[in-house]
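Below is one structure, written out as structure tokens, with a few remarks after it.
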Amino acid sequence: MIFKKLFAKEKTAYDLLLADLLSVDPQKVIKTAMIFGKKNYRQAIEPLISVLSSPNEKVRSAAAEALGNLAHYEELAMITPLIEALDDSCDEVRFSAALALGKTEDERALTPLILLLKQDTNQIGRAHV
């Protein structure tokens with residue numbers, strides 16, 4: 001019985017990383033988002049979607065990139081937030097969101113990506129989409 005209580009309180013690697021993703025330290029959040037994307041943590045999709053609304057543009061970009069790395073899960077919940085990120089004020093966020101949407105191969109992303117190509121005055125869409 002004692003052993004069950006001890007083991008039940010152990011945190012998994014995901015739990016520890018999730019705490020870092022929710023940190024106020026942007027560098028910690030960026031690093032964790034990249035880990036989630038590279039290690040294929042499907043359960044991180046929803047938390048990464050919430051990070052897309054961070055006030056820090058580097059954090060938003062890292063979250064979009066990580067979601068792109070998880071696109072093979074075909075998680076429909078990520079499509080709309082990534083489409084919304086195409087309107088971000090930061091070129092890097094728009095770039096990461098465009099790449100992520102391209103990896104999803106979701107038809108809903110096609111029109112917004114074409115519009116980005118036509119509207120992007122900084123050429124980021126033409127160079128990378």
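Every chain in the structure tokens has a letter given in the order shown (A, B, ...), and although residue numbers restart at 1 in each chain, ligands are simply numbered from 1 in the order shown.
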
Quick one: residues within 7 Å of region 47-61 of chain A, only C-alpha atoms counted, chain neighbours fewer than 6 positions away excluded, as a PyMOL selection string? chain A and resi 26+29-30+67+78+81+90+92-93+96

Could you name the residues that touch Asp20 (chain A) at 8 Å or less, counting only C-alpha atoms, but leaving out those on the same chain fewer than 3 positions away, as a PyMOL selection string? chain A and resi 16-17+23+28-29+32

Go ahead and save the residues from that selection, with C-alpha atoms, as a compact mmCIF listing (two decimals), in the first residue's frame.
# COMPACT_ATOMS: atom_id res chain seq x y z
CA LEU A 16 7.47 17.79 -15.69
CA LEU A 17 7.68 19.14 -19.22
CA SER A 23 6.32 28.63 -17.12
CA LYS A 28 11.97 27.47 -20.82
CA VAL A 29 8.69 27.47 -22.75
CA THR A 32 9.90 22.61 -23.87

Tell me which protein, DNA and RNA residues are within 12 Å of Glu105 (chain A), counting only C-alpha atoms, leaving out same-chain ones fewer than 3 positions away, and put them as a VMD selection string. chain A and resid 68 71 to 76 79 98 to 102 108 to 110 113

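One distance worth recording is that between CA of Lys39 (chain A) and CA of Asp106 (chain A), which is 22.3 Å.
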